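Notes for the one structure printed next.
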There are 2 protein chains.
Amino acid sequence: MKKLINQPEDFVRQSLQGMALAHSDRLKVHLDPHFIYRADAPIRNKVAIISGGGSGHEPMHGGFVGGGMLDAACPGEVFTSPTPDQMLEAAKTVHGGAGVLNIVKNYSGDVMNFEMAAELAHSEDIPVLNILIDDDVAVKDSLYTQGRRGVGTTVLAEKICGAAADRGYDLPAIAQLCRKVNLNGRSMGIALTSCTVPAKGSPTFELGDTEMEIGIGIHGEPGRQRMPLQSADDIAEMLAVSIIEDTDYSRQVREWDGKTGEWVEVPLSDRPFAPGDAVLAFVNSMGGTPLSELYIIYRKLAEICERKHLTIVRNLIGPYITALDMQGCSITLLKMDDELINLWDAPVNTPALRWGS
Amino acid sequence: MKKLINQPEDFVRQSLQGMALAHSDRLKVHLDPHFIYRADAPIRNKVAIISGGGSGHEPMHGGFVGGGMLDAACPGEVFTSPTPDQMLEAAKTVHGGAGVLNIVKNYSGDVMNFEMAAELAHSEDIPVLNILIDDDVAVKDSLYTQGRRGVGTTVLAEKICGAAADRGYDLPAIAQLCRKVNLNGRSMGIALTSCTVPAKGSPTFELGDTEMEIGIGIHGEPGRQRMPLQSADDIAEMLAVSIIEDTDYSRQVREWDGKTGEWVEVPLSDRPFAPGDAVLAFVNSMGGTPLSELYIIYRKLAEICERKHLTIVRNLIGPYITALDMQGCSITLLKMDDELINLWDAPVNTPALRWGS
């Protein structure tokens, strides 16, 4: 294992300590339990947005804490869900009186722990809603997931919901917005190499020198298929067409309703992308793939979108939801409307995403 | 070779085409000869800032084209200098009547070609000054370099000189500022793995499974020493102490004076960092190293700076000057004063560096 680390067991803690030192002007890091939060939290009468999940996907989520995006992020150990006490402490720290939205990627551990945290917060009179992101079209019922996995759309939901909170949306309205983003978003990824978890010290899976895996998960969970390495254009085609032509668009997720203190089964339904739609195109590095290659993927993606009569109105290109040092990329398309474009363009001031401020 | 590319010979062109499609709101890409330029160029009566060099270091330089930074960037083939015709066409496109500053990394091909371009521009009545960046303390007279190589300080010089141009500095004043940034900046890098040039298809050099190379160049040029893999803390210590305690601070560079149309030998002298100095700390990924590891390096760097009585007043952490997919990092320290802090904080609006706009 070749990494810029000290002891593997110190990886998460020391990375957080570095973040705290680097960004003390805008965020603070609480250790034991670990969470990252806005230095100016709580913001009175603003809905607080919290996310979290296993570490190893940086900058997600900690790099998205700041003005116009997340109020707090709860990092677990590498590829391991954070615990309810982290989420509860984060909620108590950033709650400004208008409730808390937890944006939760659909992995069983995250879902369970955020549910427990929501119940605990509820018992302390903090209104909480949990909304799941399950946008990965590659597979259903994966290694750590019932239903679809949550991937790239999470980044976009955090930006858009963060802006809505700044604009004064109340908790039910932000929850509804987050559902809409999730339903409008679809993603798929591909790996050229495995990642290596520091504590394990060896690759999570083996890929031959001329192999790739399409539909890979951000923890190295199995995708759809292994195949010989394809060209960037063919890879972009496989990912984009799987996303655009996806027809499996009925989902049923269990959401915590902080108002009633009950769990509700929420049937969700959306439609695939249709000609004439406006989209945000997000080309993401899995961590080890440099920017130059992402632009080659984007070049083909733009051509495919044009062929499919989708208009790319915004884009995001870079390493935003990674899998440690994995080489590969993912594509996310998010169907946009005026509300989403407006919220996307709103100022944001975080370590990893910043404009207009 | 595992990369998201099509034919290796199309790597640079297709990556540029992707950039053009992605950022058409703020920049344009001219192909044959290749250069990237601000969509709103030329800016009347503003000094135009141009840089360039071999591709493979993205986002440098193309990702730094935009408001508050570069007016144009000239990308060569991978790790190959751009040609004088690229630089001349770029200068003619972005020259707004106040002259052109070429920021040139000290590699023999770049230096020679930017010199030739300056002469050609001069013959077309465009005042040009070339300022070299030679900040790498690792080695002298490397594979492609006489003197020291130009690395991380280039990114900082492009930001600071871009801001100065916006503020109305004239060409001699910006040239003087660029010299100051170069003299105030020092860098050193380390590789955990080689990079792989697409056209070659195999690693540029071999490093054993438990080896690293300290003082590496951004094209894989030999560094100071190969040694067994060290901890992140020890690596940060080696890099930072080499930078801070560097005493080889006399340089003599040959600069093109566009006013007199003559080459001048400019003796430069600076002093090493001294206790009490304020610095910008830049921790850079070589391309394949993820953000989480950079924060672990930053954590130790902050401790070292404190021990050395250097106050980190600004920082930059991420992949900004890369070597394709190489795993590793570099540290740059730039001694700051009020002028440099003020220019660093000025608004910038480029694909890779953006704030305040």
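Chain labels follow the order of the structure tokens: the first chain is A, the next B, and so on; residue numbering restarts at 1 in every chain, and ligands are counted from 1 in their shown order.
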May I ask you to extract the residues of chain B within 8 Å of chain A, using only C-alpha atoms, and to give them as JSON, numbers by chain? {"B": [1, 2, 3, 4, 5, 6, 7, 11, 14, 15, 16, 17, 18, 19, 21, 22, 56, 58, 59, 192, 209, 210, 229, 231, 232, 233, 287, 288, 289, 290, 291, 292, 293, 294, 295, 296, 297, 298, 299, 300, 302, 315, 324, 325, 328, 354, 355, 356, 357]}
All strand (DSSP E or B) positions in region 103-158 of chain A, as a list in words: Ile103, Val104, Lys105, Val128, Leu129, Asn130, Ile131, Leu132, Ile133 and Asp136 of chain A
Could you dump the residues just selected with all heavy atoms as a PDB file, in the first residue's frame?
ATOM      1  N   ILE A 103     -29.526  14.505   4.706  1.00  0.00           N
ATOM      2  CA  ILE A 103     -29.435  13.934   3.352  1.00  0.00           C
ATOM      3  C   ILE A 103     -28.611  12.660   3.460  1.00  0.00           C
ATOM      4  O   ILE A 103     -27.440  12.693   3.842  1.00  0.00           O
ATOM      5  CB  ILE A 103     -28.787  14.932   2.375  1.00  0.00           C
ATOM      6  CG1 ILE A 103     -29.639  16.213   2.298  1.00  0.00           C
ATOM      7  CG2 ILE A 103     -28.617  14.296   0.999  1.00  0.00           C
ATOM      8  CD1 ILE A 103     -29.068  17.289   1.380  1.00  0.00           C
ATOM      9  N   VAL A 104     -29.248  11.528   3.154  1.00  0.00           N
ATOM     10  CA  VAL A 104     -28.672  10.221   3.469  1.00  0.00           C
ATOM     11  C   VAL A 104     -28.499   9.405   2.194  1.00  0.00           C
ATOM     12  O   VAL A 104     -29.460   9.161   1.468  1.00  0.00           O
ATOM     13  CB  VAL A 104     -29.600   9.461   4.447  1.00  0.00           C
ATOM     14  CG1 VAL A 104     -28.952   8.140   4.862  1.00  0.00           C
ATOM     15  CG2 VAL A 104     -29.914  10.317   5.673  1.00  0.00           C
ATOM     16  N   LYS A 105     -27.284   8.978   1.933  1.00  0.00           N
ATOM     17  CA  LYS A 105     -27.053   8.083   0.801  1.00  0.00           C
ATOM     18  C   LYS A 105     -27.608   6.702   1.158  1.00  0.00           C
ATOM     19  O   LYS A 105     -27.451   6.226   2.285  1.00  0.00           O
ATOM     20  CB  LYS A 105     -25.553   7.978   0.490  1.00  0.00           C
ATOM     21  CG  LYS A 105     -24.930   9.317   0.126  1.00  0.00           C
ATOM     22  CD  LYS A 105     -23.536   9.204  -0.476  1.00  0.00           C
ATOM     23  CE  LYS A 105     -22.518   8.472   0.372  1.00  0.00           C
ATOM     24  NZ  LYS A 105     -22.290   9.091   1.705  1.00  0.00           N
ATOM     25  N   VAL A 128     -36.685  16.700  12.625  1.00  0.00           N
ATOM     26  CA  VAL A 128     -35.734  16.152  11.645  1.00  0.00           C
ATOM     27  C   VAL A 128     -36.487  15.424  10.541  1.00  0.00           C
ATOM     28  O   VAL A 128     -37.447  14.709  10.820  1.00  0.00           O
ATOM     29  CB  VAL A 128     -34.757  15.155  12.325  1.00  0.00           C
ATOM     30  CG1 VAL A 128     -33.864  14.489  11.293  1.00  0.00           C
ATOM     31  CG2 VAL A 128     -33.902  15.863  13.371  1.00  0.00           C
ATOM     32  N   LEU A 129     -36.055  15.614   9.334  1.00  0.00           N
ATOM     33  CA  LEU A 129     -36.518  14.788   8.221  1.00  0.00           C
ATOM     34  C   LEU A 129     -35.307  14.157   7.556  1.00  0.00           C
ATOM     35  O   LEU A 129     -34.300  14.833   7.332  1.00  0.00           O
ATOM     36  CB  LEU A 129     -37.286  15.628   7.196  1.00  0.00           C
ATOM     37  CG  LEU A 129     -38.760  15.893   7.495  1.00  0.00           C
ATOM     38  CD1 LEU A 129     -39.300  16.969   6.552  1.00  0.00           C
ATOM     39  CD2 LEU A 129     -39.572  14.616   7.348  1.00  0.00           C
ATOM     40  N   ASN A 130     -35.415  12.869   7.258  1.00  0.00           N
ATOM     41  CA  ASN A 130     -34.353  12.174   6.527  1.00  0.00           C
ATOM     42  C   ASN A 130     -34.810  11.918   5.094  1.00  0.00           C
ATOM     43  O   ASN A 130     -35.865  11.320   4.887  1.00  0.00           O
ATOM     44  CB  ASN A 130     -34.075  10.800   7.151  1.00  0.00           C
ATOM     45  CG  ASN A 130     -33.408  10.885   8.503  1.00  0.00           C
ATOM     46  OD1 ASN A 130     -33.096  11.977   8.985  1.00  0.00           O
ATOM     47  ND2 ASN A 130     -33.190   9.734   9.121  1.00  0.00           N
ATOM     48  N   ILE A 131     -34.038  12.363   4.145  1.00  0.00           N
ATOM     49  CA  ILE A 131     -34.354  12.067   2.747  1.00  0.00           C
ATOM     50  C   ILE A 131     -33.208  11.243   2.155  1.00  0.00           C
ATOM     51  O   ILE A 131     -32.036  11.587   2.313  1.00  0.00           O
ATOM     52  CB  ILE A 131     -34.541  13.360   1.923  1.00  0.00           C
ATOM     53  CG1 ILE A 131     -35.657  14.217   2.532  1.00  0.00           C
ATOM     54  CG2 ILE A 131     -34.836  13.032   0.456  1.00  0.00           C
ATOM     55  CD1 ILE A 131     -37.035  13.605   2.484  1.00  0.00           C
ATOM     56  N   LEU A 132     -33.593  10.158   1.498  1.00  0.00           N
ATOM     57  CA  LEU A 132     -32.592   9.270   0.909  1.00  0.00           C
ATOM     58  C   LEU A 132     -32.258   9.665  -0.523  1.00  0.00           C
ATOM     59  O   LEU A 132     -33.123  10.105  -1.277  1.00  0.00           O
ATOM     60  CB  LEU A 132     -33.099   7.822   0.883  1.00  0.00           C
ATOM     61  CG  LEU A 132     -33.408   7.138   2.205  1.00  0.00           C
ATOM     62  CD1 LEU A 132     -33.667   5.653   1.956  1.00  0.00           C
ATOM     63  CD2 LEU A 132     -32.257   7.301   3.182  1.00  0.00           C
ATOM     64  N   ILE A 133     -31.004   9.449  -0.872  1.00  0.00           N
ATOM     65  CA  ILE A 133     -30.563   9.570  -2.265  1.00  0.00           C
ATOM     66  C   ILE A 133     -30.279   8.155  -2.771  1.00  0.00           C
ATOM     67  O   ILE A 133     -29.473   7.430  -2.177  1.00  0.00           O
ATOM     68  CB  ILE A 133     -29.287  10.430  -2.377  1.00  0.00           C
ATOM     69  CG1 ILE A 133     -29.493  11.808  -1.729  1.00  0.00           C
ATOM     70  CG2 ILE A 133     -28.869  10.551  -3.842  1.00  0.00           C
ATOM     71  CD1 ILE A 133     -30.499  12.714  -2.413  1.00  0.00           C
ATOM     72  N   ASP A 136     -28.125   5.603  -8.244  1.00  0.00           N
ATOM     73  CA  ASP A 136     -27.197   4.817  -9.064  1.00  0.00           C
ATOM     74  C   ASP A 136     -27.986   3.787  -9.862  1.00  0.00           C
ATOM     75  O   ASP A 136     -28.550   2.853  -9.290  1.00  0.00           O
ATOM     76  CB  ASP A 136     -26.178   4.140  -8.142  1.00  0.00           C
ATOM     77  CG  ASP A 136     -25.063   3.456  -8.912  1.00  0.00           C
ATOM     78  OD1 ASP A 136     -25.240   3.152 -10.109  1.00  0.00           O
ATOM     79  OD2 ASP A 136     -24.004   3.221  -8.310  1.00  0.00           O
TER      80      ASP A 136
END
Determine, counting only C-alpha atoms, which protein, DNA and RNA residues have an atom within 12 Å of an atom of region 253-267 of chain A; residues of the same chain fewer than 3 positions away are not included. Present the result as a CSV table (one decimal) with C-alpha atoms, in the first residue's frame.
chain,number,residue,atom,x,y,z
A,98,ALA,CA,-36.1,25.6,11.9
A,99,GLY,CA,-35.4,21.9,11.9
A,100,VAL,CA,-32.8,19.6,10.3
A,101,LEU,CA,-32.7,17.9,7.0
A,102,ASN,CA,-30.5,14.8,6.9
A,103,ILE,CA,-29.4,13.9,3.4
A,104,VAL,CA,-28.7,10.2,3.5
A,105,LYS,CA,-27.1,8.1,0.8
A,106,ASN,CA,-28.9,4.8,0.5
A,108,SER,CA,-28.0,0.1,4.9
A,111,VAL,CA,-30.0,4.6,6.6
A,112,MET,CA,-30.3,2.7,9.9
A,113,ASN,CA,-28.0,5.1,11.9
A,114,PHE,CA,-29.6,8.3,10.5
A,115,GLU,CA,-33.0,6.8,11.4
A,116,MET,CA,-31.8,6.2,15.0
A,117,ALA,CA,-30.3,9.7,15.1
A,118,ALA,CA,-33.6,11.2,13.9
A,119,GLU,CA,-35.5,9.5,16.7
A,120,LEU,CA,-33.0,10.7,19.2
A,121,ALA,CA,-33.2,14.2,17.9
A,122,HIS,CA,-37.0,14.1,17.9
A,123,SER,CA,-36.9,13.1,21.6
A,124,GLU,CA,-34.9,16.3,22.2
A,125,ASP,CA,-37.5,18.4,20.3
A,126,ILE,CA,-35.4,18.9,17.2
A,127,PRO,CA,-37.6,18.4,14.1
A,128,VAL,CA,-35.7,16.2,11.6
A,129,LEU,CA,-36.5,14.8,8.2
A,130,ASN,CA,-34.4,12.2,6.5
A,131,ILE,CA,-34.4,12.1,2.7
A,132,LEU,CA,-32.6,9.3,0.9
A,133,ILE,CA,-30.6,9.6,-2.3
A,134,ASP,CA,-30.7,6.4,-4.4
A,146,GLN,CA,-31.4,-2.4,-0.4
A,147,GLY,CA,-32.6,-0.8,-3.6
A,148,ARG,CA,-30.3,1.6,-5.4
A,171,LEU,CA,-38.3,22.0,6.4
A,172,PRO,CA,-41.2,20.4,4.5
A,175,ALA,CA,-37.5,17.9,2.0
A,176,GLN,CA,-39.8,18.0,-1.0
A,179,ARG,CA,-36.9,14.3,-3.1
A,182,ASN,CA,-33.2,12.6,-6.1
A,183,LEU,CA,-35.9,11.7,-8.5
A,249,TYR,CA,-38.4,4.6,-12.1
A,250,SER,CA,-40.6,3.4,-9.3
A,270,ASP,CA,-40.3,9.7,-11.9
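Using only C-alpha atoms, the residues found no farther than 10 Å from Thr80 (chain A), other than those of its own chain fewer than 4 positions away, are A:Gly53, A:Gly54, A:Ser55, A:Gly56, A:Pro75, A:Gly76, A:Tyr107, A:Gly109, A:Asp110, A:His219.
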Residue neighbourhood Gly168 (chain A), 9 Å, only C-alpha atoms, exclusion window fewer than 5 positions, as a PDB file with N, CA, C and O atoms, in the first residue's frame:
ATOM      1  N   ASN A  45     -33.135  30.349  12.610  1.00  0.00           N
ATOM      2  CA  ASN A  45     -34.313  30.268  11.737  1.00  0.00           C
ATOM      3  C   ASN A  45     -34.030  29.751  10.329  1.00  0.00           C
ATOM      4  O   ASN A  45     -34.876  29.865   9.455  1.00  0.00           O
ATOM      5  N   LYS A  46     -32.859  29.202  10.121  1.00  0.00           N
ATOM      6  CA  LYS A  46     -32.560  28.536   8.841  1.00  0.00           C
ATOM      7  C   LYS A  46     -32.618  27.032   9.063  1.00  0.00           C
ATOM      8  O   LYS A  46     -32.123  26.527  10.076  1.00  0.00           O
ATOM      9  N   VAL A  47     -33.232  26.306   8.137  1.00  0.00           N
ATOM     10  CA  VAL A  47     -33.176  24.849   8.214  1.00  0.00           C
ATOM     11  C   VAL A  47     -31.711  24.431   8.133  1.00  0.00           C
ATOM     12  O   VAL A  47     -30.967  24.922   7.279  1.00  0.00           O
ATOM     13  N   ALA A 163     -28.742  25.888  -0.752  1.00  0.00           N
ATOM     14  CA  ALA A 163     -29.174  27.188  -1.263  1.00  0.00           C
ATOM     15  C   ALA A 163     -30.616  27.478  -0.862  1.00  0.00           C
ATOM     16  O   ALA A 163     -30.969  28.611  -0.509  1.00  0.00           O
TER      17      ALA A 163
END
As number ranges by chain, please: all residues of region 80-145 of chain B that backbone DSSP puts in helix (DSSP H, G or I). B: 84-94, 108-123
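Atom to atom, CA of Gly208 (chain A) and CA of Val283 (chain A) stand 24.5 Å apart.
For the atom pair formed by CA of Pro222 (chain B) and CA of Lys308 (chain B), the distance is 28.6 Å, given to one decimal.
With CA of Cys161 (chain B) on one side and CA of His34 (chain B) on the other, the separation reads 22.9 Å.
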Spatial neighbours of Ser242 (chain A), max dist 8 Å, only C-alpha atoms, sep filter under 2 positions, as a compact mmCIF listing (two decimals) with N, CA and C atoms, in the first residue's frame:
# COMPACT_ATOMS: atom_id res chain seq x y z
N VAL A 137 -27.99 3.93 -11.17
CA VAL A 137 -28.81 3.04 -12.00
C VAL A 137 -28.16 1.69 -12.24
N ALA A 138 -26.90 1.52 -11.78
CA ALA A 138 -26.13 0.33 -12.18
C ALA A 138 -26.79 -0.97 -11.72
N MET A 188 -24.05 6.68 -12.92
CA MET A 188 -23.39 5.37 -13.04
C MET A 188 -21.89 5.58 -13.13
N MET A 238 -21.61 3.98 -22.69
CA MET A 238 -22.25 2.97 -21.82
C MET A 238 -22.87 3.62 -20.58
N LEU A 239 -22.12 4.52 -19.97
CA LEU A 239 -22.63 5.16 -18.76
C LEU A 239 -23.82 6.06 -19.08
N ALA A 240 -23.66 6.91 -20.08
CA ALA A 240 -24.70 7.91 -20.36
C ALA A 240 -25.98 7.25 -20.86
N ILE A 244 -29.59 7.63 -19.27
CA ILE A 244 -30.66 8.34 -20.00
C ILE A 244 -31.84 7.40 -20.30
N GLU A 245 -31.52 6.14 -20.57
CA GLU A 245 -32.59 5.21 -20.98
C GLU A 245 -33.11 4.38 -19.82
N ASP A 246 -32.68 4.69 -18.63
CA ASP A 246 -33.16 3.97 -17.45
C ASP A 246 -34.67 4.07 -17.35
